[in-house]
Amino acid sequence: MPAPSEIALIFDFDNTLIMSNIDFVGVRHRLIDMLQDAAAISQPRETLMPLALWEIIAHAAAQPALVDRMWEVVRQAERTGLAGATLADGVIEVLGTLRARGYRLALLTNNAREMLIAPLERFRVDHYFEVVVTRDDVPALKPAPDGIRRILTSLATTRQAFMIGDAWLDAQAADRAGIRFIGIGPHRDAIEDRGLPIWAWVNTLAEILTLDLVS
């Protein structure tokens, strides 16, 4: 049985620790519009909408200038959405308690690092995390496992790890990395529909404190 100091808890950011106003659906539509305008795709819109943003942008790989413009659309949506973000209920108490119990905390987000700095400092939660990995730090974003693997390599001494998030991207990244997934929020059905394993599901962050993470 691992000690808490040998267990990594990797948190998603948007709609897990903070409630952001990033219009992910609107961004997907805008990115697909850009692909269609550039004749970069032949697939119908509905086949691209379920993809992660970076997976949509990958369809423009043969047009680097288009890729740059598409990422700028994403950055602008992040700026707007994160500017009005609020802290999720119980974040400070939960992170503080988990750290006091000895768990190793990390943050994994598909956001750009430059977009992350201001809200982390504004909400005063940056000091809880030993490792923060953003889209600038890995070659492939969630649902790829690269970010989780980078975190586990950085922490070095972990024997067990959990990914905590609200979306299928988090669940699939955890599955591909071979770690356990704890889901939070209203989107359990969307994750189960994809056949992704769920170790536990909570409705609030505070419920994480009641889970037996060391078994």
# chains A, B, ... in the order shown; residues from 1 in each chain; ligands from 1

$ select_by_dssp --residues "region 30-215 of chain A" --states "strand (DSSP E)" --output "list in words"
Thr86, Leu87, Arg104, Leu105, Ala106, Leu107, Leu108, Val131, Val132, Val133, Gln160, Ala161, Phe162, Met163, Ile164, Gly165, Arg180, Phe181, Ile182, Gly183, Ile184, Ala200, Trp201 and Val202 of chain A

$ write_last_selection --atoms "C-alpha atoms" --output "tab-separated table (two decimals), in the first residue's frame"
chain	number	residue	atom	x	y	z
A	86	THR	CA	-14.28	31.90	-10.81
A	87	LEU	CA	-12.78	29.45	-8.36
A	104	ARG	CA	1.90	15.08	-4.50
A	105	LEU	CA	-0.21	17.57	-6.45
A	106	ALA	CA	0.20	18.51	-10.10
A	107	LEU	CA	-1.76	20.50	-12.66
A	108	LEU	CA	-2.29	19.45	-16.29
A	131	VAL	CA	4.45	20.46	-11.27
A	132	VAL	CA	2.38	22.43	-13.79
A	133	VAL	CA	2.23	21.17	-17.38
A	160	GLN	CA	0.28	5.45	-7.86
A	161	ALA	CA	-1.45	8.30	-9.66
A	162	PHE	CA	-4.91	9.71	-10.31
A	163	MET	CA	-6.13	12.11	-12.97
A	164	ILE	CA	-8.96	14.33	-11.71
A	165	GLY	CA	-11.07	16.09	-14.32
A	180	ARG	CA	-6.79	5.90	-12.42
A	181	PHE	CA	-9.39	8.51	-13.33
A	182	ILE	CA	-11.60	10.43	-10.90
A	183	GLY	CA	-14.38	12.30	-12.65
A	184	ILE	CA	-16.14	15.40	-11.38
A	200	ALA	CA	-14.58	7.11	-8.93
A	201	TRP	CA	-17.00	9.95	-9.60
A	202	VAL	CA	-17.63	12.96	-7.37

$ residues_around --residues "Pro145 (chain A)" --least-positions-apart "3" --cutoff "9 Å" --atoms "only C-alpha atoms" --output "list of chain:residue names"
A:Ala140, A:Leu141, A:Lys142, A:Ile148, A:Arg149, A:Arg150, A:Gln172, A:Ala173, A:Ala174, A:Asp175, A:Arg176, A:Ala177, A:Gly178

$ atom_distance --atom1 "CA of Ala206 (chain A)" --atom2 "CA of Ile92 (chain A)"
10.1 Å

$ select_by_dssp --residues "region 2-45 of chain A" --states "alpha helix (DSSP H)" --output "PyMOL selection string"
chain A and resi 24-37+45

$ residues_around --residues "Val214 (chain A)" --least-positions-apart "5" --cutoff "10 Å" --atoms "only C-alpha atoms" --output "list of chain:residue names"
A:Met1, A:Pro2, A:Ala3, A:Pro4, A:Glu6, A:Ile7, A:Gln160, A:Ala161

$ residues_around --residues "region 29-31 of chain A" --least-positions-apart "6" --cutoff "8 Å" --atoms "only C-alpha atoms" --output "ChimeraX atom specification"
/A:49,56-57,70,73
